[in-house]
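Q: My structure file target_32.cif, mmCIF, C-alpha atoms and all ligand atoms, is below:
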data_protein
#
loop_
_atom_site.label_atom_id
_atom_site.label_comp_id
_atom_site.auth_asym_id
_atom_site.auth_seq_id
_atom_site.Cartn_x
_atom_site.Cartn_y
_atom_site.Cartn_z
CA MET W 1 137.69 133.34 202.47
CA PRO W 2 138.64 132.29 198.93
CA GLU W 3 137.15 134.22 196.04
CA HIS W 4 136.62 132.54 192.67
CA THR W 5 135.90 134.21 189.36
CA SER W 6 134.26 132.66 186.35
CA ASP W 7 132.48 133.84 183.20
CA VAL W 8 129.35 132.01 184.33
CA VAL W 9 128.26 130.45 187.61
CA VAL W 10 125.50 127.84 187.54
CA ILE W 11 123.57 127.26 190.78
CA GLY W 12 122.44 123.65 190.85
CA GLY W 13 124.10 120.52 189.50
CA GLY W 14 121.11 118.46 188.50
CA LEU W 15 120.73 117.30 184.90
CA ILE W 16 119.68 120.78 183.78
CA GLY W 17 122.53 122.65 185.48
CA LEU W 18 125.15 120.13 184.41
CA ALA W 19 123.97 120.13 180.79
CA ILE W 20 124.02 123.93 180.64
CA ALA W 21 127.51 123.99 182.14
CA TRP W 22 128.78 121.36 179.71
CA GLN W 23 127.26 123.17 176.70
CA LEU W 24 128.80 126.49 177.74
CA ALA W 25 132.19 124.91 178.45
CA THR W 26 132.24 123.31 175.00
CA ASP W 27 131.46 126.78 173.59
CA GLY W 28 134.67 128.03 175.29
CA VAL W 29 133.02 129.70 178.29
CA GLN W 30 134.61 129.42 181.75
CA VAL W 31 131.94 127.87 184.00
CA THR W 32 131.59 127.08 187.71
CA VAL W 33 128.78 124.88 189.04
CA CYS W 34 127.82 125.03 192.72
CA ASP W 35 125.96 122.11 194.28
CA PRO W 36 126.67 120.25 197.55
CA THR W 37 125.50 116.94 196.01
CA PRO W 38 125.59 117.23 192.22
CA GLY W 39 123.26 114.91 190.34
CA ALA W 40 121.85 113.43 193.55
CA GLN W 41 118.34 114.88 193.75
CA THR W 42 115.34 114.69 191.40
CA SER W 43 117.61 113.78 188.46
CA VAL W 44 118.31 110.33 189.90
CA VAL W 45 114.80 109.70 191.20
CA ALA W 46 113.03 110.28 187.87
CA ALA W 47 112.05 107.38 185.63
CA GLY W 48 113.48 109.18 182.58
CA MET W 49 110.52 109.14 180.22
CA LEU W 50 110.71 111.30 177.10
CA ALA W 51 106.97 111.66 176.82
CA PRO W 52 105.76 114.76 174.95
CA VAL W 53 102.83 112.85 173.45
CA THR W 54 101.68 110.59 176.30
CA GLU W 55 101.99 113.39 178.88
CA VAL W 56 100.27 116.04 176.74
CA GLU W 57 97.64 118.03 178.64
CA TYR W 58 94.70 119.94 177.19
CA GLY W 59 95.61 123.56 176.41
CA GLU W 60 99.40 123.34 176.93
CA ASP W 61 100.38 124.09 173.31
CA ASP W 62 103.56 126.08 174.00
CA LEU W 63 104.78 123.39 176.35
CA LEU W 64 104.00 120.70 173.78
CA ALA W 65 106.15 122.54 171.17
CA LEU W 66 109.04 122.72 173.64
CA ASN W 67 108.59 119.08 174.68
CA LEU W 68 108.63 117.96 171.02
CA ALA W 69 111.82 119.96 170.50
CA GLY W 70 113.08 118.24 173.64
CA VAL W 71 112.60 114.71 172.35
CA ALA W 72 114.05 115.71 168.94
CA ALA W 73 117.19 117.08 170.62
CA TRP W 74 117.99 113.93 172.59
CA PRO W 75 119.67 111.73 169.92
CA ASP W 76 122.27 114.36 168.99
CA PHE W 77 122.80 115.29 172.65
CA ALA W 78 123.29 111.63 173.60
CA ALA W 79 125.72 111.06 170.72
CA ARG W 80 127.79 114.12 171.71
CA LEU W 81 127.77 113.09 175.36
CA GLU W 82 128.91 109.59 174.48
CA ASP W 83 131.66 110.98 172.21
CA ALA W 84 132.87 113.32 174.94
CA THR W 85 132.91 110.76 177.75
CA GLY W 86 132.95 107.24 176.32
CA LEU W 87 129.95 106.60 178.59
CA SER W 88 126.38 105.72 177.64
CA ALA W 89 123.90 108.58 177.85
CA GLY W 90 121.19 105.97 178.42
CA LEU W 91 118.88 106.88 175.50
CA HIS W 92 116.44 104.10 174.51
CA GLN W 93 114.30 104.86 171.45
CA THR W 94 111.77 102.10 171.91
CA GLY W 95 108.40 103.89 171.77
CA THR W 96 105.63 103.87 174.36
CA LEU W 97 102.45 101.84 174.74
CA SER W 98 99.56 103.39 176.66
CA VAL W 99 97.04 100.85 177.90
CA ALA W 100 93.64 100.92 179.56
CA TYR W 101 92.26 98.39 182.03
CA ASP W 102 88.50 98.78 182.41
CA VAL W 103 85.95 100.28 180.00
CA ASP W 104 86.10 103.73 181.63
CA ASP W 105 89.91 103.70 181.34
CA ALA W 106 89.53 102.72 177.66
CA ALA W 107 87.07 105.57 176.97
CA GLU W 108 89.47 108.06 178.54
CA LEU W 109 92.41 106.67 176.55
CA ARG W 110 90.44 106.96 173.29
CA ARG W 111 89.48 110.58 174.11
CA LEU W 112 93.13 111.41 174.73
CA ALA W 113 94.15 109.66 171.49
CA GLU W 114 91.65 111.80 169.53
CA TYR W 115 93.10 114.94 171.11
CA GLN W 116 96.66 113.78 170.34
CA ARG W 117 95.72 112.99 166.74
CA GLY W 118 94.03 116.40 166.40
CA LEU W 119 97.36 117.97 167.36
CA GLY W 120 99.03 116.06 164.52
CA LEU W 121 100.82 113.68 166.90
CA ALA W 122 101.56 110.11 165.83
CA VAL W 123 99.32 107.68 167.73
CA GLU W 124 97.81 104.34 166.74
CA VAL W 125 94.74 103.00 168.56
CA LEU W 126 94.99 99.26 169.38
CA SER W 127 92.64 96.61 170.70
CA GLY W 128 93.56 94.79 173.91
CA ARG W 129 94.76 91.85 171.84
CA GLU W 130 96.95 94.09 169.65
CA ALA W 131 98.43 95.70 172.77
CA ARG W 132 99.29 92.23 174.16
CA LYS W 133 100.96 91.33 170.85
CA ARG W 134 103.42 94.16 171.53
CA GLU W 135 103.70 93.30 175.23
CA PRO W 136 102.82 89.63 175.81
CA LEU W 137 102.99 89.80 179.64
CA LEU W 138 100.22 92.41 179.91
CA ALA W 139 97.15 91.27 181.82
CA THR W 140 94.41 89.62 179.79
CA GLY W 141 92.09 92.24 181.32
CA VAL W 142 93.76 95.05 179.36
CA THR W 143 90.96 96.28 177.11
CA GLY W 144 92.77 98.61 174.73
CA GLY W 145 95.91 100.51 173.94
CA VAL W 146 97.49 103.35 172.02
CA TRP W 147 100.89 102.93 170.41
CA VAL W 148 103.03 106.10 170.53
CA PRO W 149 106.16 105.55 168.44
CA GLY W 150 107.81 108.89 169.27
CA ASP W 151 107.86 108.76 173.09
CA HIS W 152 111.04 107.18 174.43
CA SER W 153 113.09 106.93 177.63
CA VAL W 154 116.50 107.71 179.03
CA ASP W 155 118.25 105.90 181.85
CA ASN W 156 118.61 109.15 183.73
CA ARG W 157 121.16 107.69 186.15
CA GLN W 158 123.44 106.88 183.22
CA ALA W 159 122.83 110.38 181.85
CA VAL W 160 123.80 111.95 185.21
CA THR W 161 127.01 109.88 185.38
CA ALA W 162 127.92 110.83 181.82
CA LEU W 163 127.21 114.53 182.41
CA LEU W 164 129.30 114.58 185.59
CA ARG W 165 132.17 113.12 183.54
CA ALA W 166 131.50 115.56 180.66
CA VAL W 167 131.69 118.63 182.89
CA GLU W 168 134.92 117.30 184.36
CA VAL W 169 136.61 116.67 181.01
CA SER W 170 135.40 119.97 179.57
CA GLY W 171 137.05 121.98 182.36
CA VAL W 172 134.01 123.07 184.36
CA THR W 173 134.82 123.88 188.00
CA LEU W 174 132.48 121.93 190.25
CA LEU W 175 132.22 123.36 193.78
CA ARG W 176 130.48 120.91 196.12
CA GLN W 177 128.96 123.68 198.15
CA SER W 178 125.52 125.15 198.62
CA VAL W 179 124.82 128.70 197.55
CA ASP W 180 123.70 130.97 200.34
CA HIS W 181 122.62 133.84 198.13
CA VAL W 182 123.02 135.64 194.83
CA ILE W 183 125.31 138.66 195.16
CA THR W 184 123.94 141.81 193.54
CA SER W 185 125.32 145.22 192.75
CA GLY W 186 122.42 147.59 192.23
CA THR W 187 120.03 145.73 189.91
CA THR W 188 122.65 143.31 188.58
CA ALA W 189 123.60 139.81 189.77
CA ILE W 190 127.38 139.59 189.94
CA GLY W 191 127.97 136.20 191.55
CA VAL W 192 127.05 133.96 194.43
CA GLN W 193 127.99 133.70 198.08
CA LEU W 194 128.56 130.12 199.20
CA ALA W 195 127.57 128.58 202.53
CA ASP W 196 131.21 128.56 203.73
CA GLY W 197 131.39 132.33 203.24
CA SER W 198 133.46 132.24 200.03
CA ALA W 199 132.20 133.83 196.82
CA VAL W 200 132.14 133.16 193.10
CA HIS W 201 132.10 136.34 191.00
CA ALA W 202 130.72 135.93 187.50
CA GLY W 203 129.37 137.99 184.61
CA GLN W 204 126.36 135.67 184.38
CA VAL W 205 124.51 133.73 187.06
CA ILE W 206 122.24 130.85 185.99
CA ALA W 207 119.76 129.46 188.51
CA ALA W 208 119.08 125.78 187.76
CA THR W 209 117.70 125.45 191.24
CA GLY W 210 114.71 123.16 190.57
CA PRO W 211 112.27 122.80 193.48
CA TRP W 212 114.35 125.16 195.63
CA SER W 213 114.06 128.10 193.18
CA ALA W 214 111.50 130.12 195.13
CA GLN W 215 113.87 130.16 198.12
CA LEU W 216 116.88 131.56 196.25
CA LYS W 217 118.08 134.43 198.43
CA GLY W 218 119.36 137.62 196.88
CA VAL W 219 116.63 137.64 194.23
CA PRO W 220 114.19 140.49 194.95
CA PRO W 221 110.92 139.02 196.27
CA GLU W 222 108.89 140.31 193.31
CA LEU W 223 111.21 138.49 190.85
CA ARG W 224 111.38 135.12 192.61
CA ALA W 225 110.45 132.04 190.61
CA PRO W 226 107.02 130.60 191.51
CA VAL W 227 108.22 127.02 191.80
CA ARG W 228 106.86 124.55 194.35
CA PRO W 229 107.90 120.96 195.12
CA VAL W 230 105.59 118.14 194.04
CA LYS W 231 106.67 114.87 195.55
CA GLY W 232 106.85 111.70 193.45
CA GLU W 233 107.54 108.21 194.78
CA VAL W 234 109.22 105.75 192.41
CA LEU W 235 110.06 102.05 192.66
CA ARG W 236 112.88 100.13 191.03
CA LEU W 237 112.26 96.42 190.48
CA ARG W 238 114.57 93.74 189.12
CA VAL W 239 113.23 91.34 186.50
CA PRO W 240 114.63 87.79 186.95
CA GLU W 241 116.22 86.24 183.83
CA ALA W 242 113.25 83.88 183.43
CA TYR W 243 110.84 86.78 182.80
CA ARG W 244 113.08 89.05 180.68
CA PRO W 245 112.21 91.22 179.04
CA ALA W 246 109.11 91.77 181.14
CA LEU W 247 108.41 94.72 178.84
CA ASN W 248 109.88 95.83 175.53
CA HIS W 249 108.60 99.41 175.63
CA THR W 250 107.63 101.99 178.21
CA VAL W 251 104.08 101.16 179.28
CA ARG W 252 101.76 103.79 180.68
CA ALA W 253 98.54 102.52 182.11
CA THR W 254 95.27 103.75 183.46
CA ALA W 255 94.01 101.04 185.79
CA ARG W 256 90.59 101.66 187.36
CA GLY W 257 91.16 105.39 187.06
CA PHE W 258 94.70 105.37 188.49
CA SER W 259 97.77 106.20 186.42
CA VAL W 260 101.02 104.28 186.53
CA TYR W 261 104.02 103.97 184.25
CA LEU W 262 106.52 101.16 183.86
CA VAL W 263 109.85 101.93 182.21
CA PRO W 264 112.07 98.95 181.33
CA ARG W 265 115.86 99.21 181.16
CA PRO W 266 117.92 96.84 179.01
CA GLY W 267 119.77 95.41 182.06
CA GLY W 268 116.57 94.02 183.62
CA GLU W 269 115.53 96.98 185.78
CA LEU W 270 111.90 98.06 185.70
CA VAL W 271 111.14 101.56 187.00
CA VAL W 272 107.59 102.09 188.26
CA GLY W 273 106.21 105.56 188.95
CA ALA W 274 104.96 107.78 190.20
CA THR W 275 102.84 109.23 192.94
CA SER W 276 102.12 112.95 192.99
CA ASN W 277 101.67 114.79 196.28
CA GLU W 278 101.97 118.37 197.46
CA LEU W 279 103.71 117.85 200.80
CA GLY W 280 106.40 120.53 200.71
CA TYR W 281 109.95 119.22 200.92
CA ASP W 282 108.97 115.84 202.40
CA THR W 283 110.87 113.05 200.60
CA ARG W 284 109.85 110.14 202.83
CA VAL W 285 108.60 107.11 200.96
CA LEU W 286 105.20 106.25 202.42
CA ALA W 287 103.68 102.78 202.54
CA GLY W 288 100.56 104.09 200.80
CA GLY W 289 102.61 105.29 197.84
CA VAL W 290 104.40 101.97 197.43
CA PHE W 291 101.10 100.13 197.80
CA ALA W 292 99.37 102.24 195.13
CA LEU W 293 102.19 101.85 192.62
CA LEU W 294 102.40 98.07 193.11
CA ARG W 295 98.60 97.70 193.03
CA ASP W 296 98.36 99.49 189.68
CA ALA W 297 101.50 97.89 188.20
CA ARG W 298 100.35 94.34 189.00
CA THR W 299 96.85 95.08 187.65
CA VAL W 300 98.26 95.62 184.17
CA LEU W 301 101.42 93.51 184.47
CA PRO W 302 100.70 90.54 186.79
CA VAL W 303 104.30 89.31 186.67
CA THR W 304 105.14 92.34 188.85
CA ASP W 305 104.51 90.00 191.81
CA GLU W 306 107.56 87.93 190.80
CA LEU W 307 109.98 90.87 190.58
CA GLU W 308 112.43 91.88 193.27
CA LEU W 309 111.66 95.24 194.89
CA VAL W 310 115.13 96.76 194.86
CA GLU W 311 114.56 100.40 195.70
CA THR W 312 111.91 102.84 196.83
CA ILE W 313 112.74 106.52 196.51
CA ALA W 314 111.00 109.89 196.42
CA GLY W 315 111.96 113.12 194.72
CA LEU W 316 110.60 116.60 194.22
CA ARG W 317 109.31 117.81 190.87
CA PRO W 318 109.82 121.57 190.42
CA ALA W 319 106.29 122.67 189.49
CA THR W 320 105.12 126.07 188.26
CA PRO W 321 101.57 127.48 188.14
CA ASP W 322 101.19 126.53 184.44
CA ASN W 323 103.28 123.30 184.51
CA ALA W 324 105.85 124.81 182.09
CA PRO W 325 109.45 125.73 182.86
CA ILE W 326 110.89 129.17 183.56
CA LEU W 327 113.66 129.99 181.10
CA GLY W 328 115.83 133.00 180.41
CA PRO W 329 116.00 136.56 181.75
CA SER W 330 114.82 136.97 185.32
CA GLY W 331 114.23 140.71 185.53
CA LEU W 332 117.49 140.98 187.48
CA ASP W 333 120.34 141.77 185.05
CA GLY W 334 122.91 138.99 184.96
CA LEU W 335 120.55 136.29 186.29
CA LEU W 336 118.93 133.69 184.02
CA TRP W 337 116.40 131.11 185.18
CA ALA W 338 116.53 127.49 184.00
CA THR W 339 114.02 125.93 186.35
CA GLY W 340 110.46 124.72 186.86
CA HIS W 341 110.70 121.70 184.55
CA TYR W 342 108.08 119.85 186.62
CA ARG W 343 107.36 116.47 184.92
CA ASN W 344 109.73 117.08 182.00
CA GLY W 345 113.21 117.63 183.41
CA VAL W 346 114.94 114.71 181.69
CA LEU W 347 113.07 115.38 178.44
CA LEU W 348 113.97 119.07 178.42
CA THR W 349 117.62 118.77 179.48
CA PRO W 350 119.23 119.08 176.01
CA VAL W 351 116.87 121.76 174.70
CA THR W 352 117.18 123.82 177.89
CA ALA W 353 120.97 123.66 177.66
CA ALA W 354 120.81 124.83 174.03
CA VAL W 355 118.34 127.66 174.76
CA ILE W 356 120.28 128.96 177.78
CA ALA W 357 123.68 128.65 176.10
CA GLU W 358 122.37 130.63 173.12
CA THR W 359 121.03 133.28 175.48
CA VAL W 360 124.43 133.57 177.15
CA ARG W 361 126.19 133.72 173.75
CA THR W 362 123.89 136.25 172.05
CA GLY W 363 122.20 138.05 174.93
CA VAL W 364 118.84 137.13 173.38
CA LEU W 365 116.47 134.34 174.40
CA PRO W 366 115.71 132.24 171.28
CA ASP W 367 112.08 132.13 170.08
CA LEU W 368 111.57 128.60 171.45
CA GLY W 369 112.21 129.92 174.97
CA LYS W 370 110.11 133.09 174.75
CA PRO W 371 106.80 131.65 176.05
CA PHE W 372 108.61 130.55 179.21
CA LEU W 373 109.88 133.82 180.67
CA ARG W 374 109.44 134.37 184.41
CA SER W 375 107.58 137.59 183.60
CA ARG W 376 104.50 135.65 182.37
CA PHE W 377 103.51 135.15 186.02
CA GLY W 378 103.70 138.82 187.04
CA GLN W 379 103.79 139.13 190.83
CA PHE W 380 102.83 136.07 192.82
N1 LIG L 1 107.18 112.61 183.99
C1 LIG L 1 106.82 111.67 184.95
C2 LIG L 1 106.56 112.18 186.30
O1 LIG L 1 106.80 113.33 186.59
O2 LIG L 1 106.11 111.41 187.11
#
When written as structure tokens, how does the structure in this file appear?
Ligand code: GLY

A:
Amino acid sequence: MPEHTSDVVVIGGGLIGLAIAWQLATDGVQVTVCDPTPGAQTSVVAAGMLAPVTEVEYGEDDLLALNLAGVAAWPDFAARLEDATGLSAGLHQTGTLSVAYDVDDAAELRRLAEYQRGLGLAVEVLSGREARKREPLLATGVTGGVWVPGDHSVDNRQAVTALLRAVEVSGVTLLRQSVDHVITSGTTAIGVQLADGSAVHAGQVIAATGPWSAQLKGVPPELRAPVRPVKGEVLRLRVPEAYRPALNHTVRATARGFSVYLVPRPGGELVVGATSNELGYDTRVLAGGVFALLRDARTVLPVTDELELVETIAGLRPATPDNAPILGPSGLDGLLWATGHYRNGVLLTPVTAAVIAETVRTGVLPDLGKPFLRSRFGQF
């Protein structure tokens, strides 16, 4: 069986793994990425919101700091990616409008806006009429809104295509193979064994294994990453010319207590998401999920009825017990984690690549990554 050697081997070719590989390769490191279907999992299902403010949760201060660094890192990352490949990275800095449908939704939105403002985040509370001025096709029943100028979106499918090209032009070796296990020598990871029996030997192994992280064989059970899959169903609709642009900004809505988001793309696509279910590795799209998303989308944007339903798809968010990623040293020498990005994978792609590349370069996890060590969970 063939044996490969590399300075670094990255397990997983989603956005996170590809971005790490590209960053390392541009730093002059020899990198191999192993993935049977690079860029084909959660990275292409996601809607691509960069939403540190609108997705903020009570008590997640460390994650908020990382998420803000994430959105700040995107413009430079996108510019470098576009320079390297001649392809669009898909970044759209258009801001986000949160809207509420009934009075209970409006009260909840105002409470969240107060919390966001208390954290020093830029939010502007709007009446229903002011919200409709920004988005004229919103339902007349929309009772209020909050304008969030700093939350944006990325066409994640464009970003995946650009990153696949970037790793190719930067000399990364992409092996379209699954990893069977991490090879260890004593307490050190020294490479990976692939499903076909061949091996990649490397001084550094990086696990960007997303929702499959807890299953990574070769990692001692007490050091495994506590990551579980959380299914999300997403729809892609096409806006006919007559109704374009159906939306100018990402719209997040609470409609009769249910959450939905609508992310417009410049070409006329409207991405609607997302359900959230703990059903293991099930990626079937269920009728109930499609129904719920369309019900909530058409409540706040009635023209949804006139749009073509082009795609239904489901993916798996890699969730951790505290909703924050797992970054850096694993407890096994030679193995770094870059996983558990849950709802923020697209947002955190550039900053994760920077944090992990710096760790490889210096041997030290930068301060920004320190709250996200695997060791915070102890044994699980
Ligand atoms: N960040 C959006 C989602 O996970 O559905």

Q: Around ligand LIG 1 (chain L), at most 9 Å away and counting only C-alpha atoms and all ligand atoms, which residues are there? Put them as a ChimeraX atom specification, please.

A: /W:46-51,55,230,232-234,260-261,273-276,317,342-347

Q: Name the residues, using the chain letters and numbers of the file, that sit within 9 Å of (135.9, 134.5, 196.2) when counting all atoms listed in the file, and give them as a VMD selection string.

A: chain W and resid 1 to 5 193 197 to 201

Q: In file coordinates, which residues lie within 12 Å of (103.9, 86.9, 182.6) using all atoms listed in the file, given as a VMD selection string?

A: chain W and resid 132 135 to 140 239 to 240 242 to 247 298 to 307

Q: Build an axis-aligned box that encloses every atom of segment 113-127 of chain W listed in the file, pad it by 8 Å on each side, and report its centre and edge lengths in Å to one decimal, as JSON.

A:
{"center_x": 96.6, "center_y": 107.3, "center_z": 168.0, "size_x": 25.9, "size_y": 37.4, "size_z": 23.0}

Q: Skipping near chain neighbours, those fewer than 4 positions away, what residues fall within 8 Å of Ile11 of chain W using only C-alpha atoms, listed as an MDAnalysis selection string?

A: chainID W and resid 17 33:35 179 205:209

Q: With N, CA, C and O atoms as the target, complete segment 107-119 of chain W and hand it back as a PDB file, in the frame of the given file.

A:
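Saved the output as part_31.pdb:
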ATOM      1  N   ALA W 107      87.740 104.384 177.540  1.00  0.00           N
ATOM      2  CA  ALA W 107      87.070 105.570 176.970  1.00  0.00           C
ATOM      3  C   ALA W 107      87.963 106.789 177.129  1.00  0.00           C
ATOM      4  O   ALA W 107      88.119 107.605 176.201  1.00  0.00           O
ATOM      5  N   GLU W 108      88.585 106.929 178.287  1.00  0.00           N
ATOM      6  CA  GLU W 108      89.470 108.060 178.540  1.00  0.00           C
ATOM      7  C   GLU W 108      90.689 108.008 177.616  1.00  0.00           C
ATOM      8  O   GLU W 108      91.108 109.027 177.047  1.00  0.00           O
ATOM      9  N   LEU W 109      91.237 106.822 177.427  1.00  0.00           N
ATOM     10  CA  LEU W 109      92.410 106.670 176.550  1.00  0.00           C
ATOM     11  C   LEU W 109      92.062 107.034 175.105  1.00  0.00           C
ATOM     12  O   LEU W 109      92.841 107.707 174.421  1.00  0.00           O
ATOM     13  N   ARG W 110      90.858 106.631 174.667  1.00  0.00           N
ATOM     14  CA  ARG W 110      90.440 106.960 173.290  1.00  0.00           C
ATOM     15  C   ARG W 110      90.256 108.461 173.137  1.00  0.00           C
ATOM     16  O   ARG W 110      90.628 109.046 172.121  1.00  0.00           O
ATOM     17  N   ARG W 111      89.660 109.109 174.159  1.00  0.00           N
ATOM     18  CA  ARG W 111      89.480 110.580 174.110  1.00  0.00           C
ATOM     19  C   ARG W 111      90.835 111.273 173.983  1.00  0.00           C
ATOM     20  O   ARG W 111      91.015 112.170 173.169  1.00  0.00           O
ATOM     21  N   LEU W 112      91.800 110.802 174.775  1.00  0.00           N
ATOM     22  CA  LEU W 112      93.130 111.410 174.730  1.00  0.00           C
ATOM     23  C   LEU W 112      93.772 111.175 173.357  1.00  0.00           C
ATOM     24  O   LEU W 112      94.399 112.075 172.786  1.00  0.00           O
ATOM     25  N   ALA W 113      93.569 109.975 172.795  1.00  0.00           N
ATOM     26  CA  ALA W 113      94.150 109.660 171.490  1.00  0.00           C
ATOM     27  C   ALA W 113      93.567 110.574 170.410  1.00  0.00           C
ATOM     28  O   ALA W 113      94.282 111.023 169.494  1.00  0.00           O
ATOM     29  N   GLU W 114      92.267 110.869 170.510  1.00  0.00           N
ATOM     30  CA  GLU W 114      91.650 111.800 169.530  1.00  0.00           C
ATOM     31  C   GLU W 114      92.269 113.186 169.648  1.00  0.00           C
ATOM     32  O   GLU W 114      92.552 113.839 168.649  1.00  0.00           O
ATOM     33  N   TYR W 115      92.477 113.630 170.888  1.00  0.00           N
ATOM     34  CA  TYR W 115      93.100 114.940 171.110  1.00  0.00           C
ATOM     35  C   TYR W 115      94.526 114.937 170.546  1.00  0.00           C
ATOM     36  O   TYR W 115      94.930 115.871 169.831  1.00  0.00           O
ATOM     37  N   GLN W 116      95.275 113.870 170.822  1.00  0.00           N
ATOM     38  CA  GLN W 116      96.660 113.780 170.340  1.00  0.00           C
ATOM     39  C   GLN W 116      96.679 113.795 168.813  1.00  0.00           C
ATOM     40  O   GLN W 116      97.480 114.500 168.194  1.00  0.00           O
ATOM     41  N   ARG W 117      95.761 113.045 168.211  1.00  0.00           N
ATOM     42  CA  ARG W 117      95.720 112.990 166.740  1.00  0.00           C
ATOM     43  C   ARG W 117      95.361 114.363 166.177  1.00  0.00           C
ATOM     44  O   ARG W 117      95.918 114.801 165.178  1.00  0.00           O
ATOM     45  N   GLY W 118      94.428 115.050 166.829  1.00  0.00           N
ATOM     46  CA  GLY W 118      94.030 116.400 166.400  1.00  0.00           C
ATOM     47  C   GLY W 118      95.195 117.375 166.428  1.00  0.00           C
ATOM     48  O   GLY W 118      95.210 118.360 165.683  1.00  0.00           O
ATOM     49  N   LEU W 119      96.167 117.117 167.291  1.00  0.00           N
ATOM     50  CA  LEU W 119      97.360 117.970 167.360  1.00  0.00           C
ATOM     51  C   LEU W 119      98.411 117.556 166.342  1.00  0.00           C
ATOM     52  O   LEU W 119      99.504 118.124 166.299  1.00  0.00           O
TER      53      LEU W 119
END
